[in-house]
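**Q** Just query_23.txt, nothing more (compact mmCIF, C-alpha atoms and all ligand atoms):
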# COMPACT_ATOMS: atom_id res chain seq x y z
CA MET M 1 -203.51 129.93 168.63
CA THR M 2 -204.69 129.24 165.07
CA THR M 3 -207.08 126.49 164.15
CA ARG M 4 -205.63 123.01 163.87
CA ASP M 5 -205.48 121.47 160.43
CA THR M 6 -208.12 118.99 161.52
CA ASN M 7 -207.52 116.67 158.58
CA PHE M 8 -204.00 116.02 159.75
CA SER M 9 -202.67 114.49 162.94
CA ASN M 10 -199.74 116.10 164.75
CA GLU M 11 -197.57 113.27 163.48
CA GLN M 12 -198.57 113.93 159.88
CA MET M 13 -197.95 117.67 160.22
CA LEU M 14 -194.47 117.06 161.64
CA GLY M 15 -193.89 114.49 158.90
CA PHE M 16 -194.67 117.07 156.19
CA TYR M 17 -192.34 119.51 157.92
CA ARG M 18 -189.59 116.91 158.07
CA ASP M 19 -189.99 115.99 154.40
CA MET M 20 -189.73 119.62 153.29
CA LEU M 21 -186.81 120.40 155.59
CA ARG M 22 -184.97 117.28 154.44
CA ILE M 23 -185.08 118.50 150.85
CA ARG M 24 -184.00 121.99 151.92
CA ARG M 25 -181.01 120.89 154.00
CA VAL M 26 -179.82 118.27 151.50
CA GLU M 27 -179.97 120.88 148.73
CA GLU M 28 -178.24 123.58 150.78
CA GLN M 29 -175.41 121.09 151.19
CA ILE M 30 -175.40 120.33 147.46
CA GLY M 31 -175.27 124.08 146.77
CA LYS M 32 -172.22 124.45 149.04
CA ASP M 33 -170.54 121.43 147.45
CA ALA M 34 -171.21 122.76 143.96
CA LYS M 35 -169.59 126.10 144.87
CA ALA M 36 -166.61 124.28 146.37
CA GLY M 37 -166.13 122.44 143.08
CA ASN M 38 -166.84 119.01 144.54
CA ILE M 39 -169.66 118.24 142.11
CA PRO M 40 -169.26 117.65 138.38
CA GLY M 41 -171.74 119.35 136.04
CA ALA M 42 -174.54 121.86 136.51
CA VAL M 43 -176.72 121.87 139.63
CA HIS M 44 -180.27 123.29 139.72
CA LEU M 45 -181.82 123.57 143.17
CA TYR M 46 -185.48 123.14 144.14
CA ILE M 47 -185.19 125.42 147.20
CA GLY M 48 -188.46 127.32 147.76
CA GLN M 49 -190.65 124.80 145.94
CA GLU M 50 -190.59 122.00 148.53
CA ALA M 51 -194.30 122.24 149.41
CA VAL M 52 -195.25 121.14 145.90
CA GLY M 53 -193.15 117.98 145.77
CA VAL M 54 -194.06 116.97 149.32
CA GLY M 55 -197.75 117.88 148.94
CA PHE M 56 -198.04 115.45 146.04
CA CYS M 57 -195.53 112.72 146.75
CA SER M 58 -196.70 112.20 150.35
CA GLN M 59 -199.90 110.76 148.79
CA LEU M 60 -198.21 108.47 146.27
CA GLY M 61 -196.94 104.92 146.67
CA ASP M 62 -193.98 103.14 145.10
CA ASP M 63 -196.32 101.83 142.36
CA ASP M 64 -197.25 105.35 141.27
CA TRP M 65 -194.96 107.03 138.78
CA ILE M 66 -193.43 110.48 138.82
CA ALA M 67 -191.17 112.20 136.33
CA SER M 68 -189.19 115.30 137.15
CA THR M 69 -187.03 117.94 135.52
CA HIS M 70 -183.45 119.23 135.62
CA ARG M 71 -184.51 120.48 139.11
CA GLY M 72 -185.26 116.99 140.35
CA HIS M 73 -183.58 116.33 143.73
CA GLY M 74 -186.67 117.45 145.67
CA HIS M 75 -189.05 115.18 143.81
CA TYR M 76 -186.65 112.26 144.25
CA LEU M 77 -186.46 112.78 148.03
CA ALA M 78 -190.17 113.51 148.41
CA LYS M 79 -191.02 110.24 146.63
CA GLY M 80 -189.00 108.29 149.17
CA GLY M 81 -185.56 108.39 147.53
CA ASP M 82 -182.50 107.68 149.67
CA SER M 83 -180.35 110.75 150.48
CA LYS M 84 -177.10 108.74 150.50
CA LEU M 85 -177.73 107.33 147.03
CA LEU M 86 -178.74 110.82 145.85
CA MET M 87 -175.61 112.47 147.20
CA ALA M 88 -173.37 109.74 145.76
CA GLU M 89 -175.06 110.12 142.37
CA ILE M 90 -174.58 113.89 142.36
CA TYR M 91 -170.94 113.41 143.36
CA GLY M 92 -170.64 111.07 140.35
CA ARG M 93 -169.84 108.00 142.45
CA GLU M 94 -170.44 104.35 141.71
CA THR M 95 -172.71 103.96 144.75
CA GLY M 96 -175.22 106.50 143.37
CA MET M 97 -178.66 105.22 142.41
CA CYS M 98 -177.66 105.46 138.73
CA LYS M 99 -174.14 104.24 139.51
CA GLY M 100 -172.75 107.75 139.08
CA HIS M 101 -173.58 107.90 135.37
CA GLY M 102 -176.62 110.18 135.66
CA GLY M 103 -175.55 112.99 137.99
CA SER M 104 -177.71 115.81 139.31
CA MET M 105 -180.04 116.04 136.31
CA HIS M 106 -180.80 112.34 135.90
CA VAL M 107 -181.78 110.99 139.30
CA ALA M 108 -184.10 108.00 138.93
CA ASP M 109 -185.17 104.93 140.89
CA PHE M 110 -187.71 102.66 139.23
CA SER M 111 -188.19 100.70 142.46
CA LYS M 112 -189.66 103.88 144.03
CA GLY M 113 -191.69 104.84 140.96
CA ILE M 114 -189.27 107.63 140.06
CA ILE M 115 -189.03 107.36 136.28
CA GLY M 116 -186.40 110.03 136.30
CA ALA M 117 -185.36 113.62 136.25
CA ASN M 118 -184.59 114.96 132.83
CA GLY M 119 -182.38 117.62 131.26
CA ILE M 120 -184.71 117.91 128.27
CA VAL M 121 -187.29 120.54 129.19
CA GLY M 122 -190.80 119.09 128.89
CA ALA M 123 -189.72 115.49 128.31
CA GLY M 124 -191.16 114.22 131.60
CA ILE M 125 -194.65 115.27 130.46
CA SER M 126 -194.79 112.71 127.66
CA ILE M 127 -192.88 110.03 129.58
CA THR M 128 -195.40 110.24 132.45
CA THR M 129 -198.30 110.12 130.02
CA GLY M 130 -196.89 106.85 128.71
CA ALA M 131 -196.43 105.53 132.26
CA ALA M 132 -200.05 106.46 133.06
CA TRP M 133 -201.20 104.60 129.97
CA ALA M 134 -199.26 101.54 131.13
CA ALA M 135 -200.82 101.94 134.60
CA GLN M 136 -204.27 102.09 133.05
CA LEU M 137 -203.58 98.88 131.12
CA ASP M 138 -202.31 97.23 134.32
CA GLY M 139 -205.60 98.14 136.02
CA LYS M 140 -204.18 98.29 139.55
CA GLY M 141 -205.07 101.92 140.21
CA ALA M 142 -201.59 103.45 139.88
CA VAL M 143 -201.26 107.03 138.66
CA GLY M 144 -198.58 109.12 136.97
CA VAL M 145 -197.57 112.62 138.08
CA ALA M 146 -195.44 114.80 135.79
CA PHE M 147 -193.70 117.73 137.46
CA PHE M 148 -192.50 120.45 135.10
CA GLY M 149 -191.80 124.17 135.01
CA ASP M 150 -193.60 127.16 133.54
CA GLY M 151 -191.04 127.24 130.73
CA ALA M 152 -191.88 123.62 129.88
CA ALA M 153 -195.58 124.54 129.80
CA ASN M 154 -194.74 126.51 126.64
CA GLN M 155 -193.55 123.38 124.85
CA GLY M 156 -195.94 121.77 122.36
CA VAL M 157 -195.65 118.47 124.21
CA LEU M 158 -198.07 119.69 126.90
CA CYS M 159 -200.81 120.07 124.25
CA GLU M 160 -200.07 116.62 122.83
CA ALA M 161 -200.10 115.02 126.25
CA LEU M 162 -203.33 116.75 127.34
CA ASN M 163 -204.97 115.65 124.11
CA ALA M 164 -203.97 112.00 124.52
CA ALA M 165 -204.69 111.98 128.26
CA VAL M 166 -208.24 113.32 127.85
CA LEU M 167 -208.96 111.17 124.81
CA TRP M 168 -207.82 107.99 126.57
CA ASN M 169 -208.98 109.08 130.04
CA LEU M 170 -205.51 108.47 131.48
CA PRO M 171 -204.73 108.49 135.23
CA VAL M 172 -202.21 111.30 134.89
CA ILE M 173 -201.66 114.60 136.69
CA PHE M 174 -199.69 117.38 135.04
CA VAL M 175 -198.17 119.58 137.75
CA CYS M 176 -196.71 122.80 136.48
CA GLU M 177 -194.53 124.40 139.15
CA ASN M 178 -194.70 128.02 138.08
CA ASN M 179 -191.65 129.34 139.92
CA GLY M 180 -191.61 132.64 138.06
CA PHE M 181 -188.72 131.97 135.68
CA SER M 182 -187.55 130.04 132.69
CA GLU M 183 -183.79 130.23 133.13
CA PHE M 184 -183.21 134.01 133.34
CA SER M 185 -186.48 135.11 131.74
CA PRO M 186 -189.31 136.10 134.07
CA SER M 187 -192.43 134.11 133.13
CA SER M 188 -194.30 137.30 132.24
CA THR M 189 -191.86 137.87 129.36
CA VAL M 190 -192.22 134.42 127.77
CA THR M 191 -195.59 133.00 128.84
CA ALA M 192 -198.97 134.14 127.49
CA GLY M 193 -202.15 133.66 129.52
CA ALA M 194 -202.61 131.50 132.60
CA ILE M 195 -200.97 128.08 132.36
CA VAL M 196 -203.87 126.45 134.23
CA ASP M 197 -206.20 127.52 131.41
CA ARG M 198 -204.33 125.36 128.92
CA ALA M 199 -206.41 122.41 130.14
CA LYS M 200 -209.65 124.05 129.06
CA PRO M 201 -209.70 123.47 125.27
CA TYR M 202 -209.17 119.76 125.99
CA GLY M 203 -211.83 119.60 128.68
CA ALA M 204 -209.34 118.44 131.33
CA ALA M 205 -209.93 119.14 135.01
CA ASN M 206 -207.71 121.98 136.17
CA GLU M 207 -206.81 123.90 139.28
CA ALA M 208 -204.41 126.67 140.31
CA VAL M 209 -202.98 126.45 143.80
CA ASP M 210 -200.66 128.40 146.10
CA GLY M 211 -197.54 126.26 145.72
CA ASN M 212 -196.01 127.63 148.93
CA ASP M 213 -198.88 126.38 151.08
CA LEU M 214 -198.35 122.69 151.76
CA ILE M 215 -201.88 122.11 153.03
CA ALA M 216 -203.45 123.78 149.97
CA VAL M 217 -201.19 121.72 147.67
CA HIS M 218 -201.98 118.52 149.56
CA GLN M 219 -205.73 119.09 149.25
CA CYS M 220 -205.52 119.99 145.58
CA ALA M 221 -203.30 116.93 144.96
CA ALA M 222 -205.76 114.69 146.83
CA ARG M 223 -208.58 115.75 144.52
CA ALA M 224 -206.51 115.14 141.39
CA ILE M 225 -205.12 111.80 142.61
CA LYS M 226 -208.62 110.59 143.52
CA ARG M 227 -209.90 111.63 140.10
CA ALA M 228 -207.09 109.69 138.42
CA ARG M 229 -207.48 106.58 140.63
CA ASP M 230 -211.26 106.59 140.17
CA GLY M 231 -210.86 106.50 136.38
CA ASP M 232 -212.09 110.08 135.98
CA GLY M 233 -209.15 111.23 133.89
CA PRO M 234 -206.32 113.75 133.92
CA THR M 235 -205.86 117.05 135.73
CA LEU M 236 -203.62 120.02 134.98
CA ILE M 237 -202.45 121.85 138.09
CA GLU M 238 -200.57 125.13 138.17
CA ALA M 239 -198.79 125.48 141.51
CA ARG M 240 -197.62 129.08 141.91
CA THR M 241 -194.35 129.26 143.77
CA TYR M 242 -190.91 130.89 143.58
CA ARG M 243 -187.42 129.80 142.68
CA GLN M 244 -185.40 131.22 145.55
CA ARG M 245 -182.01 130.33 144.11
CA GLY M 246 -180.55 131.03 140.69
CA HIS M 247 -181.52 128.93 137.70
CA VAL M 248 -178.23 127.12 138.08
CA GLU M 249 -175.82 127.32 141.02
CA ALA M 250 -172.93 128.80 139.03
CA GLU M 251 -174.93 131.57 137.37
CA ALA M 252 -173.35 134.46 139.30
CA SER M 253 -170.05 133.62 137.60
CA PHE M 254 -171.34 134.16 134.05
CA LEU M 255 -174.46 136.37 134.24
CA GLY M 256 -173.88 140.05 133.62
CA ALA M 257 -177.26 141.70 134.22
CA LYS M 258 -179.71 141.08 137.08
CA TYR M 259 -183.03 139.65 135.99
CA ARG M 260 -184.98 140.16 139.23
CA SER M 261 -185.04 142.81 141.92
CA ASP M 262 -183.88 142.35 145.51
CA GLU M 263 -187.34 143.53 146.62
CA GLU M 264 -189.04 140.74 144.66
CA VAL M 265 -186.76 138.10 146.17
CA ALA M 266 -187.26 139.54 149.68
CA ALA M 267 -191.05 139.53 149.29
CA TRP M 268 -191.03 135.86 148.32
CA MET M 269 -188.58 134.96 151.09
CA GLU M 270 -191.26 136.22 153.48
CA ARG M 271 -193.46 133.50 152.02
CA ASP M 272 -190.86 130.72 152.35
CA PRO M 273 -192.97 127.55 152.75
CA ILE M 274 -190.82 125.95 155.45
CA PRO M 275 -190.71 128.59 158.24
CA ALA M 276 -194.39 129.30 157.44
CA PHE M 277 -195.21 125.64 158.04
CA ALA M 278 -193.22 125.53 161.28
CA LYS M 279 -195.18 128.57 162.48
CA ARG M 280 -198.43 126.90 161.50
CA ILE M 281 -197.54 123.80 163.53
CA LEU M 282 -196.52 125.85 166.57
CA ASP M 283 -199.50 128.23 166.41
CA ALA M 284 -201.93 125.33 166.17
CA GLU M 285 -200.09 123.46 168.93
CA GLN M 286 -199.58 120.48 166.66
CA GLY M 287 -195.93 120.27 167.68
CA THR M 288 -193.45 122.00 169.95
CA GLN M 289 -190.22 123.90 169.40
CA ALA M 290 -188.48 120.80 170.77
CA ASP M 291 -190.02 118.74 167.94
CA ILE M 292 -188.81 121.29 165.37
CA ASP M 293 -185.31 121.28 166.88
CA ARG M 294 -185.17 117.49 167.01
CA ILE M 295 -186.16 117.21 163.35
CA GLU M 296 -183.50 119.75 162.42
CA ALA M 297 -180.80 117.81 164.28
CA GLU M 298 -181.87 114.48 162.78
CA ILE M 299 -181.82 115.89 159.28
CA MET M 300 -178.42 117.54 159.72
CA ALA M 301 -177.07 114.15 160.87
CA GLU M 302 -178.62 112.51 157.77
CA VAL M 303 -177.00 115.12 155.50
CA ALA M 304 -173.58 114.61 157.10
CA GLU M 305 -173.94 110.85 156.69
CA ALA M 306 -174.92 111.24 153.04
CA VAL M 307 -171.89 113.43 152.29
CA ALA M 308 -169.53 111.05 154.11
CA PHE M 309 -170.99 108.14 152.14
CA ALA M 310 -170.54 109.97 148.83
CA GLU M 311 -167.00 111.11 149.62
CA ALA M 312 -165.94 107.61 150.65
CA SER M 313 -167.38 106.03 147.48
CA PRO M 314 -165.29 105.22 144.39
CA PHE M 315 -165.82 106.78 140.97
CA PRO M 316 -167.39 104.45 138.38
CA ASP M 317 -165.18 102.39 136.11
CA PRO M 318 -164.85 104.26 132.78
CA ALA M 319 -165.16 100.85 131.07
CA ASP M 320 -168.86 100.83 132.11
CA GLN M 321 -169.67 103.87 129.95
CA GLY M 322 -172.37 103.03 127.43
CA THR M 323 -173.76 100.10 129.42
CA ASN M 324 -177.49 100.27 130.17
CA LEU M 325 -177.10 100.39 133.92
CA MET M 326 -180.78 100.88 134.77
CA PHE M 327 -181.54 97.36 133.68
CA ALA M 328 -178.13 95.75 134.36
C1 LIG U 1 -185.86 121.06 125.05
C2 LIG U 1 -184.98 122.00 125.81
N1 LIG U 1 -184.97 123.31 125.47
C3 LIG U 1 -184.18 124.18 126.16
C4 LIG U 1 -183.39 123.74 127.18
C5 LIG U 1 -182.53 124.73 127.98
N2 LIG U 1 -183.15 124.96 129.28
C6 LIG U 1 -182.74 124.30 130.37
S1 LIG U 1 -183.63 124.70 131.73
C7 LIG U 1 -184.58 125.78 130.86
C8 LIG U 1 -185.66 126.58 131.54
C9 LIG U 1 -186.74 125.73 132.05
O1 LIG U 1 -187.66 126.53 132.75
P1 LIG U 1 -188.85 125.89 133.49
O2 LIG U 1 -189.48 124.83 132.66
O3 LIG U 1 -189.74 127.00 133.96
O4 LIG U 1 -188.19 125.14 134.74
P2 LIG U 1 -187.41 125.77 135.98
O5 LIG U 1 -185.96 125.85 135.56
O6 LIG U 1 -187.99 127.09 136.27
O7 LIG U 1 -187.61 124.79 137.07
C10 LIG U 1 -184.20 125.82 129.52
C11 LIG U 1 -184.84 126.66 128.49
C12 LIG U 1 -183.43 122.36 127.50
N3 LIG U 1 -182.70 121.86 128.49
N4 LIG U 1 -184.25 121.53 126.81
I'd like the structure from this file rewritten - as C-alpha cells, please.
**A**
Amino acid sequence: MTTRDTNFSNEQMLGFYRDMLRIRRVEEQIGKDAKAGNIPGAVHLYIGQEAVGVGFCSQLGDDDWIASTHRGHGHYLAKGGDSKLLMAEIYGRETGMCKGHGGSMHVADFSKGIIGANGIVGAGISITTGAAWAAQLDGKGAVGVAFFGDGAANQGVLCEALNAAVLWNLPVIFVCENNGFSEFSPSSTVTAGAIVDRAKPYGAANEAVDGNDLIAVHQCAARAIKRARDGDGPTLIEARTYRQRGHVEAEASFLGAKYRSDEEVAAWMERDPIPAFAKRILDAEQGTQADIDRIEAEIMAEVAEAVAFAEASPFPDPADQGTNLMFA
C-alpha cells in the first residue's frame, strides 16, 4: 500500500480519474470517427496530456477563463464542457456548441469560461492575457489560464504577453504543455533552452512540473491560481508531457519518414497518466477496482450517447454562414 494523497478525499481522487478518462474515451472515439471519414477537417488529439488539463481546470470556476489550442477537446471537457455538444460540433452539426461552424479546432463556450480553442498557434496566449486584464478590472477574483504547446512558446507573443502581464500584474497563468513535438519536429530541434526559463527576464513566477502526474500538476496549479487570485501576478508553467498520438489523426497517410522511435513512444506509454493514476488510487486504497470499472462503464455510455446525439443532429443551414453565432 502506498501513502494516501492526504490532501484529497477518495471522492476527489476518483473524480480526477473520471475527468481524465472521460477525455481519453471521448477522444479515442473521435479518433475512430476521423479515420472512418465521419468528421470533416483535421483532428488533433490530446491523448496523453489529460493530467494537465484536469489538474488545472478542476480548480477553476465558470467565471475563470481558459483559452486552448488546435488540440482543444481535452481543455473543453476538463473545464466542464458538455460531451454531446462537443461531439456534435466536431461532426459539424447544428446542435454543436458553436452550431457546427467551428469544428474540432474551434470549440468554445463562453458560459463555461472557455474562450475558445484556436487554429492559430500562440493566439490563445494573447487572448487570455486580455481576458485576465478584463478580470482584473472586474475585481471579482477571476483568473485566466492560457494552454499552449512548446511550439507556441517559440512565438514572439509569449514575450509580449509576459511583459504586459508582469507590468500590469495580471491574474494570468501561462501553461506550456511541452509534449515533445511541434508538428513533426521534436522540440529539441526547434526549441532553445528551457521554456520555463522564459519567465525569468520578466521577473514572472515560474515552475516546471511533471505533466503526467496529476497530483503534481494540481499542486503546481494551486500555487499559480492562488498567486493570481491574491493579486500577486502571472506565472509561467512548463508541464512536461508527451503527445501519444500523431500531430494530426490523418498523418500516417501523408508522412513519409518517421520522426520518433518506437522505443521512445513505448517508454512514454509506460508513463501514461491514466493507468498510473488508477494504480495510485488502488495502491492507496482510495478506491476499488469496482469503482474503476463503474467509471469506465459510465463513461462509455456517455460516449455512445454523445455519438448518437451528433449523428441524429442536422447539419447547419448554409444560409447561416458568416453570421456571428457566438453572440446571436
Ligand atoms: C501561427 C501559426 N503558425 C503555424 C501554424 C501551423 N501549425 C499548426 S500546429 C503547429 C505545431 C504546434 O506545436 P505546439 O505549439 O507544440 O502544439 P502541439 O501541436 O504540440 O500541441 C504548427 C506549426 C499555425 N497553425 N499557426
**Q** Could you please extract the residues within 10 Å of ligand LIG 1 (chain U), counting all atoms listed in the file, and hand them back as a PyMOL selection string?
**A** chain M and resi 44-46+49+68-72+118-123+147-155+176-187+190-191+242-243+246-248
**Q** Could you turn the residues from that selection into a file that holds C-alpha atoms, as a PDB file, keeping the file's coordinate frame?
**A**
ATOM      1  CA  HIS M  44    -180.270 123.290 139.720  1.00  0.00           C
ATOM      2  CA  LEU M  45    -181.820 123.570 143.170  1.00  0.00           C
ATOM      3  CA  TYR M  46    -185.480 123.140 144.140  1.00  0.00           C
ATOM      4  CA  GLN M  49    -190.650 124.800 145.940  1.00  0.00           C
ATOM      5  CA  SER M  68    -189.190 115.300 137.150  1.00  0.00           C
ATOM      6  CA  THR M  69    -187.030 117.940 135.520  1.00  0.00           C
ATOM      7  CA  HIS M  70    -183.450 119.230 135.620  1.00  0.00           C
ATOM      8  CA  ARG M  71    -184.510 120.480 139.110  1.00  0.00           C
ATOM      9  CA  GLY M  72    -185.260 116.990 140.350  1.00  0.00           C
ATOM     10  CA  ASN M 118    -184.590 114.960 132.830  1.00  0.00           C
ATOM     11  CA  GLY M 119    -182.380 117.620 131.260  1.00  0.00           C
ATOM     12  CA  ILE M 120    -184.710 117.910 128.270  1.00  0.00           C
ATOM     13  CA  VAL M 121    -187.290 120.540 129.190  1.00  0.00           C
ATOM     14  CA  GLY M 122    -190.800 119.090 128.890  1.00  0.00           C
ATOM     15  CA  ALA M 123    -189.720 115.490 128.310  1.00  0.00           C
ATOM     16  CA  PHE M 147    -193.700 117.730 137.460  1.00  0.00           C
ATOM     17  CA  PHE M 148    -192.500 120.450 135.100  1.00  0.00           C
ATOM     18  CA  GLY M 149    -191.800 124.170 135.010  1.00  0.00           C
ATOM     19  CA  ASP M 150    -193.600 127.160 133.540  1.00  0.00           C
ATOM     20  CA  GLY M 151    -191.040 127.240 130.730  1.00  0.00           C
ATOM     21  CA  ALA M 152    -191.880 123.620 129.880  1.00  0.00           C
ATOM     22  CA  ALA M 153    -195.580 124.540 129.800  1.00  0.00           C
ATOM     23  CA  ASN M 154    -194.740 126.510 126.640  1.00  0.00           C
ATOM     24  CA  GLN M 155    -193.550 123.380 124.850  1.00  0.00           C
ATOM     25  CA  CYS M 176    -196.710 122.800 136.480  1.00  0.00           C
ATOM     26  CA  GLU M 177    -194.530 124.400 139.150  1.00  0.00           C
ATOM     27  CA  ASN M 178    -194.700 128.020 138.080  1.00  0.00           C
ATOM     28  CA  ASN M 179    -191.650 129.340 139.920  1.00  0.00           C
ATOM     29  CA  GLY M 180    -191.610 132.640 138.060  1.00  0.00           C
ATOM     30  CA  PHE M 181    -188.720 131.970 135.680  1.00  0.00           C
ATOM     31  CA  SER M 182    -187.550 130.040 132.690  1.00  0.00           C
ATOM     32  CA  GLU M 183    -183.790 130.230 133.130  1.00  0.00           C
ATOM     33  CA  PHE M 184    -183.210 134.010 133.340  1.00  0.00           C
ATOM     34  CA  SER M 185    -186.480 135.110 131.740  1.00  0.00           C
ATOM     35  CA  PRO M 186    -189.310 136.100 134.070  1.00  0.00           C
ATOM     36  CA  SER M 187    -192.430 134.110 133.130  1.00  0.00           C
ATOM     37  CA  VAL M 190    -192.220 134.420 127.770  1.00  0.00           C
ATOM     38  CA  THR M 191    -195.590 133.000 128.840  1.00  0.00           C
ATOM     39  CA  TYR M 242    -190.910 130.890 143.580  1.00  0.00           C
ATOM     40  CA  ARG M 243    -187.420 129.800 142.680  1.00  0.00           C
ATOM     41  CA  GLY M 246    -180.550 131.030 140.690  1.00  0.00           C
ATOM     42  CA  HIS M 247    -181.520 128.930 137.700  1.00  0.00           C
ATOM     43  CA  VAL M 248    -178.230 127.120 138.080  1.00  0.00           C
TER      44      VAL M 248
END
**Q** Find the residue from M:Met13, M:Ala132, M:Met20, M:Val172 that sits nearest to M:Ile274; use only C-alpha atoms when measuring.
**A** M:Met20
**Q** Find the residue from M:Leu236, M:Ile47, M:Ser188, M:Thr128 that sits nearest to M:Arg260; use all atoms listed in the file when measuring.
**A**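 Of M:Leu236, M:Ile47, M:Ser188, M:Thr128, the one nearest M:Arg260, counting all atoms listed in the file, is M:Ser188.
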**Q** Report, in Å to a single decimal, how far apart atom CA of M:Ile30 and atom CA of M:Ile299 are.
**A**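 One can read the atom CA of M:Ile299 to atom CA of M:Ile30 distance as 14.2 Å.
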**Q** How many Å lie between atom CA of M:Pro316 and atom CA of M:Arg93, rounded to one decimal?
**A**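 If I compute the distance from atom CA of M:Pro316 to atom CA of M:Arg93, I get 5.9 Å.
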**Q** Give as a PyMOL selection string each residue that has an atom at most 8 Å from (-188.5, 115.8, 160.0) in the file, counting all atoms listed in the file.
**A** chain M and resi 14-22+292+294-296+298-299
**Q** May I ask for the distance between atom CA of M:Ala228 and atom CA of M:Val143, given in Å to one decimal place?
**A**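 Separation between atom CA of M:Ala228 and atom CA of M:Val143: 6.4 Å.
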**Q** Here's a test: counting all atoms listed in the file, identify every protein, DNA and RNA residue with an atom at most 10 Å from (-182.1, 128.8, 153.2) in the file's coordinate frame, and state them as a ChimeraX atom specification.
**A** /M:21,24-25,27-28,47-48,244-245,269,272,274-275
**Q** Smallest atom-to-atom distance to M:Phe309: which of M:Gly96, M:Pro273, M:Pro40, M:Gly113, using all atoms listed in the file?
**A**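 The closest residue to M:Phe309 is M:Gly96.
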